[in-house]
>>> print(open('model.pdb').read())   # PDB, C-alpha atoms, pLDDT in the B column
ATOM      1  CA  LYS A 237      -8.801 -30.208  58.698  1.00 52.00           C
ATOM      2  CA  THR A 238      -7.057 -32.754  60.944  1.00 60.00           C
ATOM      3  CA  ASN A 239      -3.415 -32.071  59.975  1.00 66.00           C
ATOM      4  CA  THR A 240      -3.061 -35.757  59.185  1.00 70.00           C
ATOM      5  CA  THR A 241      -2.890 -37.785  55.995  1.00 74.00           C
ATOM      6  CA  GLU A 242      -5.834 -40.121  55.515  1.00 73.00           C
ATOM      7  CA  LEU A 243      -7.147 -42.260  52.689  1.00 77.00           C
ATOM      8  CA  LEU A 244     -10.758 -41.331  52.041  1.00 75.00           C
ATOM      9  CA  THR A 245     -13.326 -42.482  49.539  1.00 77.00           C
ATOM     10  CA  PRO A 246     -14.933 -39.714  47.473  1.00 74.00           C
ATOM     11  CA  ILE A 247     -18.117 -39.986  49.557  1.00 76.00           C
ATOM     12  CA  GLU A 248     -16.143 -39.754  52.810  1.00 79.00           C
ATOM     13  CA  MET A 249     -14.232 -36.789  51.407  1.00 77.00           C
ATOM     14  CA  ALA A 250     -17.471 -34.988  50.578  1.00 77.00           C
ATOM     15  CA  GLU A 251     -18.754 -35.662  54.111  1.00 80.00           C
ATOM     16  CA  VAL A 252     -15.544 -34.292  55.637  1.00 77.00           C
ATOM     17  CA  ILE A 253     -15.748 -31.171  53.470  1.00 76.00           C
ATOM     18  CA  GLU A 254     -19.280 -30.568  54.723  1.00 76.00           C
ATOM     19  CA  THR A 255     -18.050 -30.593  58.347  1.00 78.00           C
ATOM     20  CA  ILE A 256     -15.409 -27.906  57.791  1.00 73.00           C
ATOM     21  CA  PRO A 257     -16.693 -24.816  59.611  1.00 68.00           C
ATOM     22  CA  ASP A 258     -17.556 -21.617  57.778  1.00 67.00           C
ATOM     23  CA  PRO A 259     -16.312 -19.428  56.312  1.00 64.00           C
ATOM     24  CA  VAL A 260     -15.126 -21.556  53.401  1.00 62.00           C
ATOM     25  CA  VAL A 261     -14.623 -19.733  50.136  1.00 73.00           C
ATOM     26  CA  ILE A 262     -14.900 -21.951  47.059  1.00 75.00           C
ATOM     27  CA  GLU A 263     -13.104 -20.210  44.243  1.00 82.00           C
ATOM     28  CA  PRO A 264     -14.939 -20.181  40.900  1.00 88.00           C
ATOM     29  CA  ILE A 265     -13.633 -22.592  38.272  1.00 89.00           C
ATOM     30  CA  VAL A 266     -13.647 -21.888  34.539  1.00 93.00           C
ATOM     31  CA  LEU A 267     -13.260 -24.893  32.268  1.00 94.00           C
ATOM     32  CA  THR A 268     -11.820 -23.986  28.874  1.00 95.00           C
ATOM     33  CA  GLY A 269      -9.751 -25.429  26.025  1.00 96.00           C
ATOM     34  CA  ASP A 270      -9.158 -29.194  26.120  1.00 96.00           C
ATOM     35  CA  CYS A 271     -11.535 -30.454  28.820  1.00 94.00           C
ATOM     36  CA  SER A 272     -11.040 -34.175  28.218  1.00 94.00           C
ATOM     37  CA  ASN A 273     -11.589 -36.068  31.509  1.00 93.00           C
ATOM     38  CA  ALA A 274     -12.003 -32.733  33.323  1.00 91.00           C
ATOM     39  CA  CYS A 275     -14.939 -33.902  35.447  1.00 90.00           C
ATOM     40  CA  SER A 276     -14.657 -37.665  35.136  1.00 88.00           C
ATOM     41  CA  GLY A 277     -14.560 -40.127  38.016  1.00 77.00           C
ATOM     42  CA  GLN A 278     -16.214 -40.285  41.417  1.00 68.00           C
ATOM     43  CA  LEU A 279     -14.180 -37.513  43.064  1.00 66.00           C
ATOM     44  CA  SER A 280     -15.206 -35.066  40.354  1.00 79.00           C
ATOM     45  CA  SER A 281     -18.790 -36.273  40.703  1.00 79.00           C
ATOM     46  CA  ALA A 282     -18.856 -35.258  44.377  1.00 81.00           C
ATOM     47  CA  TYR A 283     -17.348 -31.867  43.547  1.00 84.00           C
ATOM     48  CA  VAL A 284     -19.813 -31.157  40.720  1.00 88.00           C
ATOM     49  CA  GLU A 285     -22.743 -32.162  42.926  1.00 84.00           C
ATOM     50  CA  MET A 286     -21.666 -29.846  45.763  1.00 85.00           C
ATOM     51  CA  PHE A 287     -20.081 -26.891  43.982  1.00 87.00           C
ATOM     52  CA  GLY A 288     -21.444 -27.036  40.446  1.00 87.00           C
ATOM     53  CA  ASP A 289     -22.848 -23.522  40.786  1.00 88.00           C
ATOM     54  CA  THR A 290     -19.254 -22.220  40.942  1.00 90.00           C
ATOM     55  CA  ILE A 291     -18.267 -23.847  37.634  1.00 92.00           C
ATOM     56  CA  THR A 292     -18.521 -22.085  34.281  1.00 94.00           C
ATOM     57  CA  THR A 293     -17.223 -23.029  30.841  1.00 96.00           C
ATOM     58  CA  ASN A 294     -16.125 -21.224  27.708  1.00 95.00           C
ATOM     59  CA  ASN A 295     -14.265 -21.907  24.472  1.00 96.00           C
ATOM     60  CA  ILE A 296     -14.024 -25.659  25.017  1.00 97.00           C
ATOM     61  CA  THR A 297     -12.183 -27.275  22.103  1.00 96.00           C
ATOM     62  CA  LYS A 298     -12.384 -30.944  23.148  1.00 96.00           C
ATOM     63  CA  SER A 299     -14.567 -32.834  25.612  1.00 96.00           C
ATOM     64  CA  ASP A 300     -13.672 -36.514  25.265  1.00 96.00           C
ATOM     65  CA  SER A 301     -14.734 -38.371  28.444  1.00 95.00           C
ATOM     66  CA  MET A 302     -15.377 -35.035  30.131  1.00 95.00           C
ATOM     67  CA  PHE A 303     -17.876 -36.549  32.603  1.00 95.00           C
ATOM     68  CA  ALA A 304     -17.309 -40.238  31.893  1.00 95.00           C
ATOM     69  CA  GLY A 305     -17.677 -42.717  34.722  1.00 91.00           C
ATOM     70  CA  ASN A 306     -19.515 -40.412  37.133  1.00 90.00           C
ATOM     71  CA  LYS A 307     -21.819 -43.158  38.341  1.00 88.00           C
ATOM     72  CA  THR A 308     -23.541 -41.088  41.064  1.00 88.00           C
ATOM     73  CA  LEU A 309     -23.857 -37.728  39.289  1.00 91.00           C
ATOM     74  CA  THR A 310     -27.540 -36.887  38.749  1.00 92.00           C
ATOM     75  CA  LYS A 311     -27.316 -33.405  37.222  1.00 92.00           C
ATOM     76  CA  ILE A 312     -24.848 -31.202  35.379  1.00 93.00           C
ATOM     77  CA  PRO A 313     -25.863 -27.738  36.598  1.00 91.00           C
ATOM     78  CA  PHE A 314     -23.818 -25.561  34.225  1.00 94.00           C
ATOM     79  CA  ASP A 315     -23.966 -24.932  30.476  1.00 95.00           C
ATOM     80  CA  ILE A 316     -21.204 -26.436  28.359  1.00 97.00           C
ATOM     81  CA  ASN A 317     -19.911 -23.717  26.037  1.00 97.00           C
ATOM     82  CA  PHE A 318     -17.692 -24.621  23.097  1.00 97.00           C
ATOM     83  CA  SER A 319     -15.316 -22.670  20.906  1.00 95.00           C
ATOM     84  CA  SER A 320     -16.801 -21.624  17.567  1.00 87.00           C
ATOM     85  CA  SER A 321     -13.433 -21.944  15.839  1.00 88.00           C
ATOM     86  CA  ALA A 322     -12.674 -25.639  16.426  1.00 89.00           C
ATOM     87  CA  VAL A 323     -14.249 -28.962  15.505  1.00 92.00           C
ATOM     88  CA  ALA A 324     -14.718 -30.544  18.919  1.00 93.00           C
ATOM     89  CA  SER A 325     -14.319 -34.236  19.627  1.00 92.00           C
ATOM     90  CA  MET A 326     -16.990 -35.366  22.103  1.00 94.00           C
ATOM     91  CA  ALA A 327     -16.345 -39.105  22.254  1.00 93.00           C
ATOM     92  CA  ASN A 328     -17.408 -40.796  25.504  1.00 96.00           C
ATOM     93  CA  MET A 329     -18.414 -37.405  26.909  1.00 96.00           C
ATOM     94  CA  PHE A 330     -21.118 -38.728  29.271  1.00 96.00           C
ATOM     95  CA  GLN A 331     -20.383 -42.447  29.003  1.00 96.00           C
ATOM     96  CA  SER A 332     -21.532 -44.559  31.963  1.00 95.00           C
ATOM     97  CA  CYS A 333     -23.056 -41.649  33.879  1.00 95.00           C
ATOM     98  CA  GLN A 334     -25.571 -44.171  35.087  1.00 94.00           C
ATOM     99  CA  ALA A 335     -27.485 -41.881  37.477  1.00 95.00           C
ATOM    100  CA  LEU A 336     -27.488 -38.817  35.238  1.00 95.00           C
ATOM    101  CA  GLU A 337     -30.995 -37.429  34.717  1.00 95.00           C
ATOM    102  CA  GLU A 338     -30.412 -33.858  33.543  1.00 94.00           C
ATOM    103  CA  ILE A 339     -27.861 -32.124  31.332  1.00 95.00           C
ATOM    104  CA  THR A 340     -28.096 -28.395  30.740  1.00 92.00           C
ATOM    105  CA  ASP A 341     -27.360 -26.753  27.389  1.00 96.00           C
ATOM    106  CA  ILE A 342     -24.547 -27.611  25.006  1.00 97.00           C
ATOM    107  CA  VAL A 343     -23.737 -24.335  23.263  1.00 97.00           C
ATOM    108  CA  GLY A 344     -21.825 -23.380  20.125  1.00 96.00           C
ATOM    109  CA  ALA A 345     -20.249 -26.752  19.348  1.00 95.00           C
ATOM    110  CA  THR A 346     -19.055 -27.843  15.938  1.00 93.00           C
ATOM    111  CA  ILE A 347     -19.336 -31.572  16.506  1.00 92.00           C
ATOM    112  CA  GLY A 348     -16.664 -33.997  15.362  1.00 89.00           C
ATOM    113  CA  ALA A 349     -16.256 -37.461  16.874  1.00 88.00           C
ATOM    114  CA  SER A 350     -19.153 -38.483  19.086  1.00 89.00           C
ATOM    115  CA  SER A 351     -18.855 -42.248  19.595  1.00 89.00           C
ATOM    116  CA  TYR A 352     -20.275 -43.474  22.918  1.00 93.00           C
ATOM    117  CA  MET A 353     -21.274 -39.891  23.751  1.00 95.00           C
ATOM    118  CA  PHE A 354     -24.340 -40.902  25.818  1.00 96.00           C
ATOM    119  CA  ASN A 355     -23.517 -44.597  26.044  1.00 96.00           C
ATOM    120  CA  ASN A 356     -24.947 -46.296  29.135  1.00 97.00           C
ATOM    121  CA  CYS A 357     -26.651 -43.187  30.514  1.00 97.00           C
ATOM    122  CA  SER A 358     -29.391 -45.460  31.745  1.00 97.00           C
ATOM    123  CA  GLN A 359     -31.446 -42.852  33.689  1.00 97.00           C
ATOM    124  CA  LEU A 360     -31.360 -40.087  31.059  1.00 96.00           C
ATOM    125  CA  ARG A 361     -34.856 -39.521  29.648  1.00 95.00           C
ATOM    126  CA  HIS A 362     -34.205 -36.278  27.772  1.00 94.00           C
ATOM    127  CA  LEU A 363     -31.144 -35.155  25.841  1.00 95.00           C
ATOM    128  CA  PRO A 364     -29.653 -31.696  26.437  1.00 95.00           C
ATOM    129  CA  ASN A 365     -30.512 -28.721  24.269  1.00 95.00           C
ATOM    130  CA  PHE A 366     -27.951 -28.201  21.510  1.00 95.00           C
ATOM    131  CA  ILE A 367     -27.891 -24.425  20.949  1.00 95.00           C
ATOM    132  CA  ASN A 368     -26.145 -22.850  17.936  1.00 95.00           C
ATOM    133  CA  CYS A 369     -24.399 -26.132  17.209  1.00 93.00           C
ATOM    134  CA  SER A 370     -23.417 -27.585  13.844  1.00 91.00           C
ATOM    135  CA  ALA A 371     -22.085 -30.811  12.340  1.00 86.00           C
ATOM    136  CA  GLY A 372     -18.340 -30.832  11.805  1.00 81.00           C
ATOM    137  CA  ASN A 373     -18.506 -32.751   8.512  1.00 69.00           C
ATOM    138  CA  VAL A 374     -15.231 -34.485   9.264  1.00 69.00           C
ATOM    139  CA  SER A 375     -14.154 -38.107   9.061  1.00 71.00           C
ATOM    140  CA  ALA A 376     -14.617 -39.198  12.664  1.00 77.00           C
ATOM    141  CA  ALA A 377     -15.970 -42.145  14.619  1.00 78.00           C
ATOM    142  CA  LYS A 378     -19.664 -41.806  15.501  1.00 83.00           C
ATOM    143  CA  VAL A 379     -20.881 -45.198  16.706  1.00 84.00           C
ATOM    144  CA  ASN A 380     -22.758 -46.482  19.769  1.00 90.00           C
ATOM    145  CA  ILE A 381     -23.872 -42.951  20.590  1.00 92.00           C
ATOM    146  CA  PHE A 382     -27.053 -43.857  22.493  1.00 95.00           C
ATOM    147  CA  GLN A 383     -26.392 -47.508  23.275  1.00 95.00           C
ATOM    148  CA  GLY A 384     -27.752 -48.499  26.675  1.00 97.00           C
ATOM    149  CA  CYS A 385     -29.871 -45.356  27.194  1.00 97.00           C
ATOM    150  CA  LEU A 386     -32.600 -47.421  28.810  1.00 97.00           C
ATOM    151  CA  SER A 387     -34.848 -44.473  29.718  1.00 97.00           C
ATOM    152  CA  LEU A 388     -34.552 -42.429  26.512  1.00 96.00           C
ATOM    153  CA  ARG A 389     -37.940 -41.970  24.837  1.00 94.00           C
ATOM    154  CA  GLU A 390     -37.139 -39.880  21.751  1.00 91.00           C
ATOM    155  CA  VAL A 391     -34.253 -38.284  19.870  1.00 92.00           C
ATOM    156  CA  SER A 392     -35.065 -35.170  17.852  1.00 91.00           C
ATOM    157  CA  THR A 393     -34.283 -35.004  14.156  1.00 88.00           C
ATOM    158  CA  TYR A 394     -32.184 -31.911  14.852  1.00 90.00           C
ATOM    159  CA  ILE A 395     -29.863 -33.829  17.184  1.00 91.00           C
ATOM    160  CA  LEU A 396     -29.581 -36.697  14.729  1.00 88.00           C
ATOM    161  CA  GLN A 397     -28.603 -34.253  12.000  1.00 85.00           C
ATOM    162  CA  LEU A 398     -25.887 -32.834  14.223  1.00 86.00           C
ATOM    163  CA  LEU A 399     -24.420 -36.201  15.128  1.00 81.00           C
ATOM    164  CA  ILE A 400     -24.696 -38.113  11.840  1.00 70.00           C
ATOM    165  CA  GLU A 401     -21.504 -38.436   9.833  1.00 56.00           C
ATOM    166  CA  GLN A 402     -21.533 -36.679   6.505  1.00 53.00           C
ATOM    167  CA  VAL A 403     -18.345 -37.930   4.870  1.00 50.00           C
ATOM    168  CA  SER A 404     -17.414 -41.321   3.483  1.00 46.00           C
ATOM    169  CA  VAL A 405     -15.609 -43.462   6.040  1.00 51.00           C
ATOM    170  CA  GLY A 406     -15.140 -47.155   6.789  1.00 49.00           C
ATOM    171  CA  TYR A 407     -17.782 -49.666   7.869  1.00 45.00           C
ATOM    172  CA  TYR A 408     -17.129 -49.481  11.592  1.00 52.00           C
ATOM    173  CA  TYR A 409     -17.612 -45.738  11.486  1.00 58.00           C
ATOM    174  CA  SER A 410     -21.175 -45.914  10.188  1.00 73.00           C
ATOM    175  CA  PHE A 411     -23.388 -43.652  12.268  1.00 77.00           C
ATOM    176  CA  TYR A 412     -26.024 -46.379  12.247  1.00 84.00           C
ATOM    177  CA  TYR A 413     -23.731 -48.965  13.843  1.00 84.00           C
ATOM    178  CA  THR A 414     -25.315 -49.939  17.208  1.00 89.00           C
ATOM    179  CA  THR A 415     -26.749 -46.415  17.508  1.00 91.00           C
ATOM    180  CA  PHE A 416     -29.803 -47.271  19.627  1.00 95.00           C
ATOM    181  CA  SER A 417     -28.925 -50.742  20.857  1.00 95.00           C
ATOM    182  CA  TYR A 418     -30.646 -51.470  24.193  1.00 96.00           C
ATOM    183  CA  CYS A 419     -32.690 -48.262  24.157  1.00 97.00           C
ATOM    184  CA  THR A 420     -35.505 -50.358  25.548  1.00 97.00           C
ATOM    185  CA  THR A 421     -38.070 -47.548  26.022  1.00 97.00           C
ATOM    186  CA  LEU A 422     -37.379 -45.571  22.831  1.00 97.00           C
ATOM    187  CA  ASN A 423     -40.740 -45.216  21.101  1.00 95.00           C
ATOM    188  CA  LYS A 424     -40.030 -43.412  17.830  1.00 93.00           C
ATOM    189  CA  ILE A 425     -37.318 -42.264  15.453  1.00 93.00           C
ATOM    190  CA  ILE A 426     -38.602 -39.711  12.966  1.00 92.00           C
ATOM    191  CA  ASP A 427     -36.785 -38.499   9.827  1.00 91.00           C
ATOM    192  CA  MET A 428     -33.564 -40.361  10.444  1.00 89.00           C
ATOM    193  CA  PRO A 429     -30.977 -38.555   8.305  1.00 86.00           C
ATOM    194  CA  VAL A 430     -29.783 -40.465   5.244  1.00 84.00           C
ATOM    195  CA  SER A 431     -26.003 -40.641   5.276  1.00 75.00           C
ATOM    196  CA  ILE A 432     -24.293 -39.706   2.012  1.00 68.00           C
ATOM    197  CA  SER A 433     -21.602 -42.318   2.619  1.00 68.00           C
ATOM    198  CA  SER A 434     -21.385 -45.529   0.605  1.00 68.00           C
ATOM    199  CA  TYR A 435     -21.029 -48.723   2.636  1.00 69.00           C
ATOM    200  CA  THR A 436     -19.732 -51.974   1.192  1.00 67.00           C
ATOM    201  CA  SER A 437     -20.632 -53.861   4.361  1.00 71.00           C
ATOM    202  CA  ASN A 438     -23.810 -53.795   6.401  1.00 76.00           C
ATOM    203  CA  ALA A 439     -24.159 -50.299   7.836  1.00 77.00           C
ATOM    204  CA  PHE A 440     -26.907 -51.262  10.311  1.00 83.00           C
ATOM    205  CA  PRO A 441     -25.678 -54.067  12.593  1.00 84.00           C
ATOM    206  CA  ASN A 442     -27.434 -53.959  15.979  1.00 90.00           C
ATOM    207  CA  HIS A 443     -28.858 -50.567  15.070  1.00 91.00           C
ATOM    208  CA  ILE A 444     -32.093 -51.012  17.044  1.00 94.00           C
ATOM    209  CA  THR A 445     -31.386 -54.234  18.939  1.00 94.00           C
ATOM    210  CA  GLN A 446     -33.628 -54.660  22.015  1.00 95.00           C
ATOM    211  CA  CYS A 447     -35.698 -51.554  21.207  1.00 96.00           C
ATOM    212  CA  PHE A 448     -38.849 -53.279  22.424  1.00 95.00           C
ATOM    213  CA  MET A 449     -41.049 -50.163  22.542  1.00 96.00           C
ATOM    214  CA  LEU A 450     -40.127 -48.768  19.126  1.00 96.00           C
ATOM    215  CA  SER A 451     -43.356 -48.297  17.169  1.00 95.00           C
ATOM    216  CA  ARG A 452     -42.327 -45.901  14.414  1.00 94.00           C
ATOM    217  CA  TYR A 453     -39.153 -45.392  12.390  1.00 94.00           C
ATOM    218  CA  THR A 454     -38.908 -43.161   9.315  1.00 93.00           C
ATOM    219  CA  PHE A 455     -36.089 -41.820   7.150  1.00 91.00           C
ATOM    220  CA  GLU A 456     -35.917 -38.234   5.965  1.00 90.00           C
ATOM    221  CA  THR A 457     -37.148 -37.515   2.449  1.00 91.00           C
ATOM    222  CA  ASN A 458     -36.361 -34.996  -0.254  1.00 91.00           C
ATOM    223  CA  GLU A 459     -38.166 -31.651  -0.155  1.00 90.00           C
ATOM    224  CA  ASP A 460     -40.764 -32.961  -2.610  1.00 94.00           C
ATOM    225  CA  GLY A 461     -41.509 -35.940  -0.362  1.00 91.00           C
ATOM    226  CA  THR A 462     -39.742 -38.553  -2.474  1.00 93.00           C
ATOM    227  CA  PRO A 463     -37.376 -40.983  -0.742  1.00 89.00           C
ATOM    228  CA  LYS A 464     -33.703 -40.161  -0.631  1.00 86.00           C
ATOM    229  CA  THR A 465     -31.311 -42.688  -2.130  1.00 83.00           C
ATOM    230  CA  ALA A 466     -28.092 -44.057  -0.679  1.00 78.00           C
ATOM    231  CA  GLN A 467     -25.571 -46.787  -1.453  1.00 73.00           C
ATOM    232  CA  TRP A 468     -25.939 -49.136   1.485  1.00 72.00           C
ATOM    233  CA  LYS A 469     -25.754 -52.847   1.910  1.00 66.00           C
ATOM    234  CA  SER A 470     -28.705 -54.642   3.524  1.00 58.00           C
ATOM    235  CA  SER A 471     -29.753 -53.769   7.052  1.00 51.00           C
ATOM    236  CA  ASP A 472     -30.341 -56.196   9.897  1.00 46.00           C
TER     237      ASP A 472
END
>>> encode(input="model.pdb", output="structure tokens")
Amino acid sequence: KTNTTELLTPIEMAEVIETIPDPVVIEPIVLTGDCSNACSGQLSSAYVEMFGDTITTNNITKSDSMFAGNKTLTKIPFDINFSSSAVASMANMFQSCQALEEITDIVGATIGASSYMFNNCSQLRHLPNFINCSAGNVSAAKVNIFQGCLSLREVSTYILQLLIEQVSVGYYYSFYYTTFSYCTTLNKIIDMPVSISSYTSNAFPNHITQCFMLSRYTFETNEDGTPKTAQWKSSD
């Protein structure tokens, strides 16, 4: 715009972009394949806020930290479409998106690692819709998924079933490890899936720490209503 080189903050850059006279053609962007860190950081936050309607996704195979650290992003306006042929790692996908209030649909994902997926999304009250998704059933880290989601009221059984680990792994990979820590407004957890893994150490450290509003917590049962059994050490 000015034919000079200047150092600008992301906010200043967005303001400068807004002053560029029309016509400005923003080319559509298609995110596909490995999208790790694709929209992370403040610069990406400004772009998604302004031009999110030009972004589409398809056949994503990995989304680690895809939006992580976008502290001012309030909404993700496009669906996130995954490949049906790959187990996708989603670790840290939305971590520390502290202003994020709305996520559109997550579609077609076979979910692998999901540690810290929504960690510290303090304004998020409702989780996205998971459409045609499935659990990857692989040995992968799945801890601290909802830690610090201060505004989250409820997590559906369907989402828990997608994210819970289904294979035997080490203690620090227990799905229950710090899962809901500091979810201070969470009011119920219904039919928590019973992991088939055996744990020789406590599988539940800090599982519901600081969940002050939690009034009901139940585990899933067998089809006949009897409790499921699992080889766990004592909870906290």
>>> residues_around(input="model.pdb", residues="Asn273 (chain A)", least_positions_apart="4", cutoff="10 Å", atoms="only C-alpha atoms", output="list in words")
Gly277, Ser280, Lys298, Ser299, Asp300, Ser301, Met302, Phe303, Ala304, Gly305, Asn328 and Met329 of chain A
>>> residues_around(input="model.pdb", residues="region 376-389 of chain A", least_positions_apart="3", cutoff="9 Å", atoms="only C-alpha atoms", output="count of residues only")
43
>>> resolve_selection(input="model.pdb", expression="the PyMOL selection byres ((chain A and resi 336) around 9)", output="list in words")
Asn306, Lys307, Thr308, Leu309, Thr310, Lys311, Ile312, Phe330, Ser332, Cys333, Gln334, Ala335, Glu337, Glu338, Ile339, Cys357, Ser358, Gln359 and Leu360 of chain A
>>> resolve_selection(input="model.pdb", expression="the PyMOL selection byres ((chain A and resi 294) around 8)", output="PDB file with C-alpha atoms, in the frame of the given file")
ATOM      1  CA  VAL A 266     -13.647 -21.888  34.539  1.00 93.00           C
ATOM      2  CA  LEU A 267     -13.260 -24.893  32.268  1.00 94.00           C
ATOM      3  CA  THR A 268     -11.820 -23.986  28.874  1.00 95.00           C
ATOM      4  CA  GLY A 269      -9.751 -25.429  26.025  1.00 96.00           C
ATOM      5  CA  THR A 292     -18.521 -22.085  34.281  1.00 94.00           C
ATOM      6  CA  THR A 293     -17.223 -23.029  30.841  1.00 96.00           C
ATOM      7  CA  ASN A 295     -14.265 -21.907  24.472  1.00 96.00           C
ATOM      8  CA  ILE A 296     -14.024 -25.659  25.017  1.00 97.00           C
ATOM      9  CA  ILE A 316     -21.204 -26.436  28.359  1.00 97.00           C
ATOM     10  CA  ASN A 317     -19.911 -23.717  26.037  1.00 97.00           C
ATOM     11  CA  PHE A 318     -17.692 -24.621  23.097  1.00 97.00           C
ATOM     12  CA  SER A 319     -15.316 -22.670  20.906  1.00 95.00           C
TER      13      SER A 319
END
>>> closest_residue(input="model.pdb", among="A:Ser276, A:Glu263, A:Tyr283, A:Tyr394", to="Ile247 (chain A)", atoms="only C-alpha atoms")
A:Tyr283
>>> atom_distance(input="model.pdb", atom1="CA of Phe287 (chain A)", atom2="CA of Thr245 (chain A)")
17.9 Å
>>> decode(input="model.pdb", residues="region 321-355 of chain A", atoms="C-alpha atoms", output="tab-separated table (two decimals), in the first residue's frame")
chain	number	residue	atom	x	y	z
A	321	SER	CA	-8.96	-42.65	5.19
A	322	ALA	CA	-6.63	-41.42	7.96
A	323	VAL	CA	-6.60	-41.42	11.75
A	324	ALA	CA	-6.23	-37.72	12.49
A	325	SER	CA	-4.23	-36.32	15.38
A	326	MET	CA	-6.06	-33.33	16.89
A	327	ALA	CA	-3.82	-32.50	19.84
A	328	ASN	CA	-3.94	-28.85	20.97
A	329	MET	CA	-6.30	-28.06	18.10
A	330	PHE	CA	-8.08	-25.14	19.82
A	331	GLN	CA	-5.79	-24.73	22.82
A	332	SER	CA	-5.80	-21.27	24.43
A	333	CYS	CA	-8.40	-19.82	22.06
A	334	GLN	CA	-9.51	-17.79	25.03
A	335	ALA	CA	-12.18	-15.70	23.26
A	336	LEU	CA	-13.59	-18.51	21.13
A	337	GLU	CA	-17.36	-18.84	21.53
A	338	GLU	CA	-18.45	-20.79	18.45
A	339	ILE	CA	-16.99	-23.63	16.40
A	340	THR	CA	-18.86	-24.95	13.39
A	341	ASP	CA	-19.02	-28.63	12.46
A	342	ILE	CA	-16.18	-31.13	12.60
A	343	VAL	CA	-16.95	-33.61	9.82
A	344	GLY	CA	-15.74	-37.10	8.95
A	345	ALA	CA	-12.86	-37.36	11.42
A	346	THR	CA	-11.40	-40.60	12.70
A	347	ILE	CA	-9.99	-39.24	15.93
A	348	GLY	CA	-6.55	-40.19	17.20
A	349	ALA	CA	-4.61	-38.06	19.68
A	350	SER	CA	-6.70	-35.33	21.26
A	351	SER	CA	-4.76	-34.09	24.29
A	352	TYR	CA	-5.40	-30.43	25.15
A	353	MET	CA	-7.86	-30.23	22.24
A	354	PHE	CA	-10.10	-27.62	23.92
A	355	ASN	CA	-7.73	-26.74	26.74
